[in-house]
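S.K.: Next up, entry_8.cif (mmCIF, C-alpha atoms).
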data_start
#
loop_
_atom_site.group_PDB
_atom_site.id
_atom_site.type_symbol
_atom_site.label_atom_id
_atom_site.label_comp_id
_atom_site.auth_asym_id
_atom_site.auth_seq_id
_atom_site.Cartn_x
_atom_site.Cartn_y
_atom_site.Cartn_z
ATOM 1 C CA MET M 377 15.527 -21.764 -24.837
ATOM 2 C CA GLU M 378 12.327 -20.386 -23.331
ATOM 3 C CA PRO M 379 9.252 -22.591 -23.877
ATOM 4 C CA ALA M 380 6.521 -20.989 -25.996
ATOM 5 C CA SER M 381 4.003 -21.440 -23.157
ATOM 6 C CA VAL M 382 6.255 -19.385 -20.868
ATOM 7 C CA THR M 383 6.637 -16.673 -23.496
ATOM 8 C CA ARG M 384 2.857 -16.409 -23.805
ATOM 9 C CA PHE M 385 2.479 -16.307 -20.025
ATOM 10 C CA ARG M 386 5.016 -13.492 -19.749
ATOM 11 C CA GLU M 387 3.251 -11.556 -22.507
ATOM 12 C CA TYR M 388 0.022 -11.776 -20.502
ATOM 13 C CA LEU M 389 1.809 -10.595 -17.356
ATOM 14 C CA LYS M 390 3.238 -7.541 -19.104
ATOM 15 C CA ILE M 391 -0.253 -6.150 -19.732
ATOM 16 C CA GLU M 392 -0.867 -3.596 -16.968
ATOM 17 C CA THR M 393 -4.342 -4.552 -15.828
ATOM 18 C CA VAL M 394 -3.596 -2.862 -12.527
ATOM 19 C CA HIS M 395 -6.066 -0.822 -10.525
ATOM 20 C CA PRO M 396 -7.174 1.909 -10.545
ATOM 21 C CA THR M 397 -6.799 2.072 -14.367
ATOM 22 C CA PRO M 398 -6.480 -1.490 -15.713
ATOM 23 C CA ASP M 399 -5.734 -1.784 -19.436
ATOM 24 C CA TYR M 400 -8.629 -4.099 -20.241
ATOM 25 C CA GLN M 401 -8.583 -3.247 -23.952
ATOM 26 C CA LYS M 402 -5.043 -4.524 -24.494
ATOM 27 C CA CYS M 403 -5.812 -7.542 -22.328
ATOM 28 C CA THR M 404 -8.919 -8.379 -24.348
ATOM 29 C CA GLU M 405 -6.988 -8.101 -27.605
ATOM 30 C CA PHE M 406 -4.375 -10.532 -26.260
ATOM 31 C CA LEU M 407 -6.978 -13.062 -25.091
ATOM 32 C CA VAL M 408 -8.960 -12.948 -28.326
ATOM 33 C CA GLN M 409 -5.724 -13.512 -30.250
ATOM 34 C CA GLN M 410 -4.954 -16.537 -28.056
ATOM 35 C CA ALA M 411 -8.406 -17.998 -28.689
ATOM 36 C CA GLU M 412 -8.000 -17.552 -32.436
ATOM 37 C CA GLU M 413 -4.575 -19.223 -32.396
ATOM 38 C CA ILE M 414 -5.908 -22.187 -30.402
ATOM 39 C CA GLY M 415 -9.043 -22.498 -32.506
ATOM 40 C CA LEU M 416 -11.630 -21.796 -29.813
ATOM 41 C CA GLU M 417 -14.935 -20.067 -30.199
ATOM 42 C CA CYS M 418 -14.599 -16.654 -28.576
ATOM 43 C CA LYS M 419 -17.023 -13.913 -27.598
ATOM 44 C CA VAL M 420 -16.550 -10.598 -25.793
ATOM 45 C CA VAL M 421 -19.442 -9.381 -23.645
ATOM 46 C CA GLU M 422 -19.359 -5.804 -22.364
ATOM 47 C CA LEU M 423 -22.389 -5.316 -20.128
ATOM 48 C CA ILE M 424 -20.722 -2.296 -18.547
ATOM 49 C CA LYS M 425 -18.679 0.032 -20.753
ATOM 50 C CA GLY M 426 -14.964 -0.583 -20.403
ATOM 51 C CA LYS M 427 -15.455 -3.814 -18.422
ATOM 52 C CA PRO M 428 -15.209 -6.670 -20.984
ATOM 53 C CA VAL M 429 -15.752 -10.347 -20.207
ATOM 54 C CA VAL M 430 -13.959 -12.695 -22.606
ATOM 55 C CA ILE M 431 -15.690 -16.066 -23.119
ATOM 56 C CA MET M 432 -13.922 -18.979 -24.787
ATOM 57 C CA LYS M 433 -15.625 -22.261 -25.626
ATOM 58 C CA LEU M 434 -14.358 -25.745 -26.372
ATOM 59 C CA GLU M 435 -17.427 -27.343 -27.883
ATOM 60 C CA GLY M 436 -18.509 -30.763 -26.650
ATOM 61 C CA THR M 437 -20.160 -33.575 -28.550
ATOM 62 C CA ASP M 438 -23.401 -33.092 -26.592
ATOM 63 C CA PRO M 439 -23.858 -29.323 -25.996
ATOM 64 C CA SER M 440 -27.290 -29.961 -24.466
ATOM 65 C CA LEU M 441 -25.604 -31.184 -21.270
ATOM 66 C CA PRO M 442 -24.687 -28.670 -18.542
ATOM 67 C CA GLY M 443 -21.253 -27.243 -19.271
ATOM 68 C CA ILE M 444 -18.067 -26.776 -17.254
ATOM 69 C CA LEU M 445 -16.732 -23.312 -16.461
ATOM 70 C CA LEU M 446 -13.100 -22.412 -15.772
ATOM 71 C CA ASN M 447 -13.109 -18.834 -14.520
ATOM 72 C CA SER M 448 -10.261 -16.404 -13.876
ATOM 73 C CA HIS M 449 -9.940 -12.661 -13.463
ATOM 74 C CA THR M 450 -7.722 -10.369 -15.477
ATOM 75 C CA ASP M 451 -7.205 -7.478 -13.043
ATOM 76 C CA VAL M 452 -4.430 -7.202 -10.466
ATOM 77 C CA VAL M 453 -3.959 -5.160 -7.302
ATOM 78 C CA PRO M 454 -1.777 -2.029 -7.140
ATOM 79 C CA VAL M 455 1.968 -2.306 -6.504
ATOM 80 C CA TYR M 456 4.520 -0.613 -4.278
ATOM 81 C CA ARG M 457 7.239 -0.429 -6.912
ATOM 82 C CA GLU M 458 9.923 0.560 -4.390
ATOM 83 C CA LYS M 459 9.429 -2.829 -2.710
ATOM 84 C CA TRP M 460 10.164 -4.793 -5.887
ATOM 85 C CA ASN M 461 13.564 -6.061 -7.015
ATOM 86 C CA TYR M 462 12.253 -6.242 -10.583
ATOM 87 C CA GLU M 463 9.788 -4.094 -12.485
ATOM 88 C CA PRO M 464 6.356 -5.609 -11.665
ATOM 89 C CA PHE M 465 5.201 -5.590 -15.305
ATOM 90 C CA GLU M 466 8.461 -6.595 -16.927
ATOM 91 C CA ALA M 467 7.755 -10.278 -16.189
ATOM 92 C CA LYS M 468 11.441 -10.921 -15.659
ATOM 93 C CA ARG M 469 12.469 -14.562 -16.007
ATOM 94 C CA VAL M 470 15.345 -15.269 -13.626
ATOM 95 C CA GLU M 471 17.415 -18.449 -13.566
ATOM 96 C CA ILE M 472 17.873 -19.984 -10.123
ATOM 97 C CA GLU M 473 20.003 -22.746 -8.680
ATOM 98 C CA GLY M 474 19.552 -26.041 -10.486
ATOM 99 C CA GLY M 475 18.755 -24.475 -13.836
ATOM 100 C CA ASP M 476 15.093 -23.738 -13.071
ATOM 101 C CA HIS M 477 13.557 -20.284 -13.455
ATOM 102 C CA ARG M 478 11.282 -17.893 -11.591
ATOM 103 C CA ILE M 479 9.100 -15.200 -13.120
ATOM 104 C CA TYR M 480 8.611 -12.014 -11.159
ATOM 105 C CA ALA M 481 5.493 -10.003 -11.994
ATOM 106 C CA ARG M 482 2.295 -8.706 -10.477
ATOM 107 C CA GLY M 483 -0.386 -11.254 -11.305
ATOM 108 C CA SER M 484 2.042 -14.149 -11.659
ATOM 109 C CA GLN M 485 0.102 -15.882 -8.872
ATOM 110 C CA ASP M 486 -3.139 -13.932 -8.507
ATOM 111 C CA MET M 487 -4.278 -15.004 -10.980
ATOM 112 C CA LYS M 488 -2.925 -14.763 -14.491
ATOM 113 C CA VAL M 489 -1.051 -18.019 -14.017
ATOM 114 C CA THR M 490 -4.364 -19.881 -13.663
ATOM 115 C CA GLY M 491 -5.840 -18.250 -16.758
ATOM 116 C CA SER M 492 -2.665 -19.108 -18.660
ATOM 117 C CA LEU M 493 -2.894 -22.740 -17.561
ATOM 118 C CA TYR M 494 -6.446 -22.900 -18.891
ATOM 119 C CA LEU M 495 -5.240 -21.534 -22.238
ATOM 120 C CA GLU M 496 -2.371 -24.001 -22.452
ATOM 121 C CA ALA M 497 -4.676 -26.893 -21.562
ATOM 122 C CA PHE M 498 -7.076 -25.842 -24.311
ATOM 123 C CA ARG M 499 -4.158 -25.559 -26.712
ATOM 124 C CA GLU M 500 -3.030 -29.134 -26.027
ATOM 125 C CA ILE M 501 -6.568 -30.527 -26.171
ATOM 126 C CA LYS M 502 -7.255 -28.886 -29.526
ATOM 127 C CA ALA M 503 -3.929 -30.089 -30.903
ATOM 128 C CA SER M 504 -4.687 -33.654 -29.786
ATOM 129 C CA GLY M 505 -8.075 -33.709 -31.489
ATOM 130 C CA LYS M 506 -9.707 -35.023 -28.320
ATOM 131 C CA LYS M 507 -13.429 -34.346 -27.916
ATOM 132 C CA PHE M 508 -15.273 -33.991 -24.624
ATOM 133 C CA LEU M 509 -18.934 -34.706 -24.004
ATOM 134 C CA ARG M 510 -19.804 -31.304 -22.537
ATOM 135 C CA ASN M 511 -19.012 -27.753 -23.547
ATOM 136 C CA ILE M 512 -16.049 -26.407 -21.604
ATOM 137 C CA TYR M 513 -15.892 -22.649 -21.160
ATOM 138 C CA SER M 514 -13.217 -20.335 -19.882
ATOM 139 C CA THR M 515 -14.187 -16.839 -18.800
ATOM 140 C CA PHE M 516 -11.767 -13.988 -18.194
ATOM 141 C CA VAL M 517 -13.523 -11.371 -16.082
ATOM 142 C CA PRO M 518 -12.643 -7.837 -14.867
ATOM 143 C CA ASP M 519 -12.733 -6.127 -11.488
ATOM 144 C CA GLU M 520 -12.508 -9.159 -9.190
ATOM 145 C CA GLU M 521 -10.033 -7.240 -7.025
ATOM 146 C CA ILE M 522 -12.669 -4.571 -6.384
ATOM 147 C CA TYR M 523 -15.474 -6.974 -5.484
ATOM 148 C CA SER M 524 -16.688 -7.836 -9.032
ATOM 149 C CA ILE M 525 -19.470 -5.242 -8.818
ATOM 150 C CA GLU M 526 -18.954 -4.413 -12.496
ATOM 151 C CA GLY M 527 -17.472 -7.774 -13.435
ATOM 152 C CA MET M 528 -18.702 -11.270 -12.652
ATOM 153 C CA MET M 529 -21.660 -10.017 -10.619
ATOM 154 C CA PRO M 530 -23.640 -8.490 -13.519
ATOM 155 C CA PHE M 531 -22.323 -11.104 -15.952
ATOM 156 C CA SER M 532 -23.577 -13.983 -13.772
ATOM 157 C CA LYS M 533 -27.086 -12.481 -13.944
ATOM 158 C CA SER M 534 -27.017 -11.944 -17.711
ATOM 159 C CA GLN M 535 -28.684 -13.882 -20.510
ATOM 160 C CA GLU M 536 -25.231 -14.591 -21.951
ATOM 161 C CA PHE M 537 -24.274 -16.439 -18.792
ATOM 162 C CA LYS M 538 -27.598 -18.256 -18.627
ATOM 163 C CA ASP M 539 -27.147 -19.447 -22.207
ATOM 164 C CA MET M 540 -23.886 -21.153 -21.241
ATOM 165 C CA ASN M 541 -25.878 -23.609 -19.073
ATOM 166 C CA ILE M 542 -23.118 -24.128 -16.528
ATOM 167 C CA GLY M 543 -23.365 -27.208 -14.330
ATOM 168 C CA PHE M 544 -19.984 -27.013 -12.593
ATOM 169 C CA GLY M 545 -17.431 -24.237 -12.213
ATOM 170 C CA ILE M 546 -13.938 -23.738 -10.869
ATOM 171 C CA ASP M 547 -12.990 -20.259 -9.758
ATOM 172 C CA GLU M 548 -9.889 -18.684 -8.291
ATOM 173 C CA GLY M 549 -7.073 -20.925 -7.147
ATOM 174 C CA ALA M 550 -3.333 -21.373 -7.386
ATOM 175 C CA PRO M 551 -1.015 -23.860 -9.071
ATOM 176 C CA SER M 552 -0.035 -26.849 -6.987
ATOM 177 C CA MET M 553 3.584 -27.062 -5.864
ATOM 178 C CA ASN M 554 3.515 -30.842 -6.216
ATOM 179 C CA THR M 555 1.512 -33.544 -7.981
ATOM 180 C CA ASN M 556 -1.533 -33.126 -5.735
ATOM 181 C CA THR M 557 -4.611 -31.124 -6.677
ATOM 182 C CA TYR M 558 -6.094 -29.129 -3.809
ATOM 183 C CA TYR M 559 -9.751 -28.159 -3.553
ATOM 184 C CA PHE M 560 -10.644 -25.294 -1.255
ATOM 185 C CA THR M 561 -14.097 -25.296 0.282
ATOM 186 C CA SER M 562 -15.880 -23.002 2.756
ATOM 187 C CA GLU M 563 -15.629 -19.891 0.596
ATOM 188 C CA ARG M 564 -15.675 -16.819 2.813
ATOM 189 C CA THR M 565 -17.799 -13.723 2.204
ATOM 190 C CA THR M 566 -15.900 -10.538 1.409
ATOM 191 C CA CYS M 567 -16.926 -7.766 3.786
ATOM 192 C CA PRO M 568 -14.997 -4.493 3.310
ATOM 193 C CA VAL M 569 -16.335 -2.004 5.834
ATOM 194 C CA LYS M 570 -15.501 1.591 6.750
ATOM 195 C CA PHE M 571 -16.166 3.144 10.168
ATOM 196 C CA THR M 572 -16.188 6.947 10.359
ATOM 197 C CA ALA M 573 -16.209 8.994 13.564
ATOM 198 C CA HIS M 574 -16.882 12.711 14.046
ATOM 199 C CA GLY M 575 -15.814 14.463 17.216
ATOM 200 C CA ASN M 576 -14.553 17.579 18.897
ATOM 201 C CA THR M 577 -11.482 19.270 17.527
ATOM 202 C CA GLY M 578 -8.897 21.688 18.850
ATOM 203 C CA HIS M 579 -5.233 22.135 19.593
ATOM 204 C CA GLY M 580 -3.179 19.030 20.191
ATOM 205 C CA SER M 581 -1.828 20.383 23.488
ATOM 206 C CA GLN M 582 -5.236 20.112 25.166
ATOM 207 C CA PHE M 583 -7.134 17.165 26.696
ATOM 208 C CA ILE M 584 -10.125 17.432 24.392
ATOM 209 C CA GLU M 585 -13.062 15.178 25.196
ATOM 210 C CA GLY M 586 -15.202 13.272 22.695
ATOM 211 C CA THR M 587 -12.694 13.179 19.854
ATOM 212 C CA ALA M 588 -13.203 11.187 16.668
ATOM 213 C CA ILE M 589 -10.232 8.964 17.395
ATOM 214 C CA GLU M 590 -11.513 8.190 20.916
ATOM 215 C CA LYS M 591 -14.740 6.927 19.354
ATOM 216 C CA LEU M 592 -12.934 4.892 16.723
ATOM 217 C CA LEU M 593 -10.350 3.209 18.973
ATOM 218 C CA PRO M 594 -12.760 0.734 20.655
ATOM 219 C CA ILE M 595 -13.840 -0.493 17.218
ATOM 220 C CA ILE M 596 -10.232 -0.907 16.094
ATOM 221 C CA ASN M 597 -9.382 -2.709 19.317
ATOM 222 C CA GLU M 598 -12.372 -5.051 19.144
ATOM 223 C CA LEU M 599 -11.829 -6.083 15.510
ATOM 224 C CA SER M 600 -8.091 -6.444 16.169
ATOM 225 C CA GLN M 601 -8.941 -8.817 19.026
ATOM 226 C CA LEU M 602 -11.261 -10.716 16.683
ATOM 227 C CA ARG M 603 -8.257 -11.146 14.390
ATOM 228 C CA VAL M 604 -6.102 -12.443 17.243
ATOM 229 C CA ASP M 605 -8.774 -14.888 18.402
ATOM 230 C CA GLU M 606 -9.581 -16.239 14.943
ATOM 231 C CA LYS M 607 -5.900 -16.635 14.058
ATOM 232 C CA ALA M 608 -5.309 -18.573 17.276
ATOM 233 C CA ARG M 609 -8.325 -20.770 16.554
ATOM 234 C CA LEU M 610 -7.042 -21.495 13.051
ATOM 235 C CA HIS M 611 -3.773 -22.813 14.428
ATOM 236 C CA THR M 612 -5.498 -25.142 16.891
ATOM 237 C CA MET M 613 -7.315 -26.968 14.082
ATOM 238 C CA ASP M 614 -6.142 -30.279 12.704
ATOM 239 C CA GLY M 615 -4.690 -30.289 9.215
ATOM 240 C CA ASN M 616 -3.180 -27.650 6.963
ATOM 241 C CA PRO M 617 -3.978 -24.058 8.102
ATOM 242 C CA LEU M 618 -4.131 -22.978 4.459
ATOM 243 C CA LEU M 619 -6.921 -25.456 3.787
ATOM 244 C CA ASN M 620 -8.725 -24.536 7.027
ATOM 245 C CA GLN M 621 -8.919 -20.786 6.417
ATOM 246 C CA GLY M 622 -12.561 -20.992 5.359
ATOM 247 C CA SER M 623 -13.452 -22.067 8.897
ATOM 248 C CA VAL M 624 -12.388 -18.761 10.463
ATOM 249 C CA THR M 625 -13.157 -15.078 9.906
ATOM 250 C CA SER M 626 -10.159 -12.896 9.060
ATOM 251 C CA ALA M 627 -9.881 -9.203 9.922
ATOM 252 C CA ASN M 628 -7.290 -6.716 8.700
ATOM 253 C CA LEU M 629 -7.142 -2.969 9.211
ATOM 254 C CA THR M 630 -6.197 -1.727 5.744
ATOM 255 C CA ILE M 631 -6.839 2.046 5.660
ATOM 256 C CA LEU M 632 -6.683 4.810 8.295
ATOM 257 C CA GLU M 633 -7.762 8.279 7.178
ATOM 258 C CA GLY M 634 -7.903 11.631 8.925
ATOM 259 C CA GLY M 635 -5.947 14.502 10.361
ATOM 260 C CA LYS M 636 -4.495 17.705 8.926
ATOM 261 C CA GLN M 637 -1.310 18.211 10.919
ATOM 262 C CA PRO M 638 0.286 16.835 14.109
ATOM 263 C CA ASN M 639 -0.886 19.571 16.483
ATOM 264 C CA VAL M 640 -4.555 19.585 15.449
ATOM 265 C CA VAL M 641 -7.023 17.033 16.808
ATOM 266 C CA PRO M 642 -8.979 15.825 13.767
ATOM 267 C CA ALA M 643 -12.721 16.419 13.593
ATOM 268 C CA THR M 644 -13.208 13.293 11.474
ATOM 269 C CA TYR M 645 -11.347 10.001 11.330
ATOM 270 C CA SER M 646 -12.062 6.693 9.627
ATOM 271 C CA ALA M 647 -10.836 3.119 9.661
ATOM 272 C CA THR M 648 -11.427 0.581 6.893
ATOM 273 C CA PHE M 649 -11.254 -3.165 7.499
ATOM 274 C CA ASP M 650 -11.070 -6.059 5.071
ATOM 275 C CA LEU M 651 -13.162 -8.768 6.718
ATOM 276 C CA ARG M 652 -13.625 -12.250 5.258
ATOM 277 C CA VAL M 653 -16.568 -13.937 6.949
ATOM 278 C CA SER M 654 -16.579 -17.690 7.389
ATOM 279 C CA PRO M 655 -19.692 -19.516 6.106
ATOM 280 C CA LEU M 656 -19.832 -21.082 9.572
ATOM 281 C CA ARG M 657 -20.981 -17.693 10.886
ATOM 282 C CA ASN M 658 -24.490 -16.366 10.361
ATOM 283 C CA LEU M 659 -23.902 -13.551 7.874
ATOM 284 C CA ASP M 660 -26.931 -11.452 8.872
ATOM 285 C CA GLU M 661 -25.895 -11.677 12.522
ATOM 286 C CA PHE M 662 -22.351 -10.607 11.650
ATOM 287 C CA TYR M 663 -23.612 -7.575 9.713
ATOM 288 C CA LYS M 664 -25.794 -6.692 12.702
ATOM 289 C CA TYR M 665 -22.776 -7.100 15.025
ATOM 290 C CA LEU M 666 -20.814 -4.572 12.946
ATOM 291 C CA GLU M 667 -23.727 -2.141 12.819
ATOM 292 C CA ASP M 668 -24.173 -2.379 16.599
ATOM 293 C CA LEU M 669 -20.426 -1.903 17.090
ATOM 294 C CA ALA M 670 -20.622 1.327 15.100
ATOM 295 C CA ALA M 671 -23.742 2.571 16.868
ATOM 296 C CA THR M 672 -22.395 1.829 20.360
ATOM 297 C CA ASN M 673 -19.356 3.980 19.627
ATOM 298 C CA ASP M 674 -21.254 6.796 17.863
ATOM 299 C CA CYS M 675 -19.694 6.017 14.478
ATOM 300 C CA GLU M 676 -21.035 5.795 10.950
ATOM 301 C CA ILE M 677 -20.658 2.517 9.064
ATOM 302 C CA GLU M 678 -20.358 1.999 5.311
ATOM 303 C CA PHE M 679 -20.187 -1.396 3.629
ATOM 304 C CA HIS M 680 -18.148 -1.065 0.433
ATOM 305 C CA TYR M 681 -19.724 -4.341 -0.575
ATOM 306 C CA ARG M 682 -22.488 -6.246 1.167
ATOM 307 C CA ASP M 683 -23.407 -9.720 0.035
ATOM 308 C CA GLU M 684 -26.894 -11.111 0.069
ATOM 309 C CA SER M 685 -27.277 -13.830 2.673
ATOM 310 C CA ASP M 686 -28.807 -17.151 1.612
#
Could you write out this structure as C-alpha cells?
M.R.:
Amino acid sequence: MEPASVTRFREYLKIETVHPTPDYQKCTEFLVQQAEEIGLECKVVELIKGKPVVIMKLEGTDPSLPGILLNSHTDVVPVYREKWNYEPFEAKRVEIEGGDHRIYARGSQDMKVTGSLYLEAFREIKASGKKFLRNIYSTFVPDEEIYSIEGMMPFSKSQEFKDMNIGFGIDEGAPSMNTNTYYFTSERTTCPVKFTAHGNTGHGSQFIEGTAIEKLLPIINELSQLRVDEKARLHTMDGNPLLNQGSVTSANLTILEGGKQPNVVPATYSATFDLRVSPLRNLDEFYKYLEDLAATNDCEIEFHYRDESD
C-alpha cells in the first residue's frame, strides 16, 4: 500500500508548474490545502500578478527571536517528452528490485521533493505537539528557474519578508542518499549571457569576409576552453567533486540562434551561455572580462541576469 506521504508528493508532482506557463494557481491551491490539513498558519503574497509566494509558519514559543526559513521553489524546467520513458507529470511510481519504488516526474529532484519533505516534517511536528523556541517558516516561491526576477528577488525586499525576521535560512538542496546531511557552501553566481554578432551576408558558396559566425567563434572557443580548464581543476581537488563545485566556474553553451537556410551566410548569429561564477572569482572583474571579450570580437553582449557584487 502506498504511504500517504508518497501520495501527497505525487499529487504535488502532477501539477504542471513547468515553464513557460507554470500553473501557479493550482499549485498554490494545493499548498494552502496542505497547510490547512497540517494546522499551519498560511499566507499567500502576490507582489507580482500571477507570481504567488506561499508562506507557512510553525509558531515558536518566543516569536521575538529571529526565525528559521526553509525555502523551496515550485517551478520546474521544460521537458523533452520524447526522451522520457514515462509521462513527466504522471508521477509514475515504479517498483524496482527488492520491493522498493522509484517515482519518475519532472521536479521529483529539483525541487518538489525538498518542499514535500518540509511539509511532512511539519506534519509530524504538529502531530507530536512539540514546540520550538523560534518561528519556523517554509516559503514556496515561483520563477527560480528563470532567475527569480519575479519570485524570491522582489519578495526578499518586501515588508512581508522583513516581518518574518529571518535569522537563518536553508535554500535549494537535494535529499541525502544515506544517513549523512550535506551542506553546500560557496554558492555560485548565476550569469546567463548572450553574445550577438552582425556581419556580412551572401551566398554560401562564396568566401565571405567578416561574417557574424566568424566574429562569434572566438568567443565560443574561449568560453569552451574555460569550461575545459575549470572542469580539469575541479577533478584535481581533494574531496568530493560534487561538494567542490562552488570552487570553480562552470560554462555551458545552451542556445545557438541564427541562419535562414543552408546556402545563405547569416547576417546575425548569437550564442547564449549559462555561466555559474565561483565566489572565489572577483565578480566585477568577470563581468568586465565578458564585456571585453565581446568588444574585442565586435559582438554585442546582453546579460539576462546580472547580480550585484558585494
S.K.: Name the residues captured by the PyMOL selection byres ((chain M and resi 510) around 12) when it is applied to the shown file; answer as a VMD selection string.
M.R.: chain M and resid 433 to 445 507 to 509 511 to 513 540 to 544
S.K.: Could you tell me, as a VMD selection string, exactly which residues end up selected when the PyMOL selection byres ((chain M and resi 576-580) around 9) is applied to this structure?
M.R.: chain M and resid 574 to 575 581 to 588 638 to 644
S.K.: Step by step, work through what the PyMOL selection byres ((chain M and resi 567) around 12) selects in the shown file, and finish by giving those residues as a PDB file with C-alpha atoms, keeping the file's coordinate frame.
M.R.:
ATOM      1  CA  ILE M 522     -12.669  -4.571  -6.384  1.00  0.00           C
ATOM      2  CA  TYR M 523     -15.474  -6.974  -5.484  1.00  0.00           C
ATOM      3  CA  ARG M 564     -15.675 -16.819   2.813  1.00  0.00           C
ATOM      4  CA  THR M 565     -17.799 -13.723   2.204  1.00  0.00           C
ATOM      5  CA  THR M 566     -15.900 -10.538   1.409  1.00  0.00           C
ATOM      6  CA  PRO M 568     -14.997  -4.493   3.310  1.00  0.00           C
ATOM      7  CA  VAL M 569     -16.335  -2.004   5.834  1.00  0.00           C
ATOM      8  CA  LYS M 570     -15.501   1.591   6.750  1.00  0.00           C
ATOM      9  CA  THR M 625     -13.157 -15.078   9.906  1.00  0.00           C
ATOM     10  CA  SER M 626     -10.159 -12.896   9.060  1.00  0.00           C
ATOM     11  CA  ALA M 627      -9.881  -9.203   9.922  1.00  0.00           C
ATOM     12  CA  ASN M 628      -7.290  -6.716   8.700  1.00  0.00           C
ATOM     13  CA  THR M 648     -11.427   0.581   6.893  1.00  0.00           C
ATOM     14  CA  PHE M 649     -11.254  -3.165   7.499  1.00  0.00           C
ATOM     15  CA  ASP M 650     -11.070  -6.059   5.071  1.00  0.00           C
ATOM     16  CA  LEU M 651     -13.162  -8.768   6.718  1.00  0.00           C
ATOM     17  CA  ARG M 652     -13.625 -12.250   5.258  1.00  0.00           C
ATOM     18  CA  VAL M 653     -16.568 -13.937   6.949  1.00  0.00           C
ATOM     19  CA  SER M 654     -16.579 -17.690   7.389  1.00  0.00           C
ATOM     20  CA  LEU M 659     -23.902 -13.551   7.874  1.00  0.00           C
ATOM     21  CA  ASP M 660     -26.931 -11.452   8.872  1.00  0.00           C
ATOM     22  CA  PHE M 662     -22.351 -10.607  11.650  1.00  0.00           C
ATOM     23  CA  TYR M 663     -23.612  -7.575   9.713  1.00  0.00           C
ATOM     24  CA  LEU M 666     -20.814  -4.572  12.946  1.00  0.00           C
ATOM     25  CA  GLU M 678     -20.358   1.999   5.311  1.00  0.00           C
ATOM     26  CA  PHE M 679     -20.187  -1.396   3.629  1.00  0.00           C
ATOM     27  CA  HIS M 680     -18.148  -1.065   0.433  1.00  0.00           C
ATOM     28  CA  TYR M 681     -19.724  -4.341  -0.575  1.00  0.00           C
ATOM     29  CA  ARG M 682     -22.488  -6.246   1.167  1.00  0.00           C
ATOM     30  CA  ASP M 683     -23.407  -9.720   0.035  1.00  0.00           C
ATOM     31  CA  GLU M 684     -26.894 -11.111   0.069  1.00  0.00           C
TER      32      GLU M 684
END
S.K.: Near M:Ile595, within 10 Å and counting only C-alpha atoms, which residues show up once chain neighbours fewer than 2 positions away are dropped, as a VMD selection string?
M.R.: chain M and resid 571 590 to 593 597 to 601 647 666 669 to 670 672 to 673 675
S.K.: Determine the nearest neighbour of M:Pro396 from the options M:Glu521, M:Glu471, M:Glu412, M:Glu536, counting all atoms listed in the file.
M.R.: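 So, comparing all the options, the nearest one is M:Glu521.
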S.K.: How many Å lie between atom CA of M:Asp399 and atom CA of M:Ala467, rounded to one decimal?
M.R.: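 Interatomic distance here is 16.3 Å.
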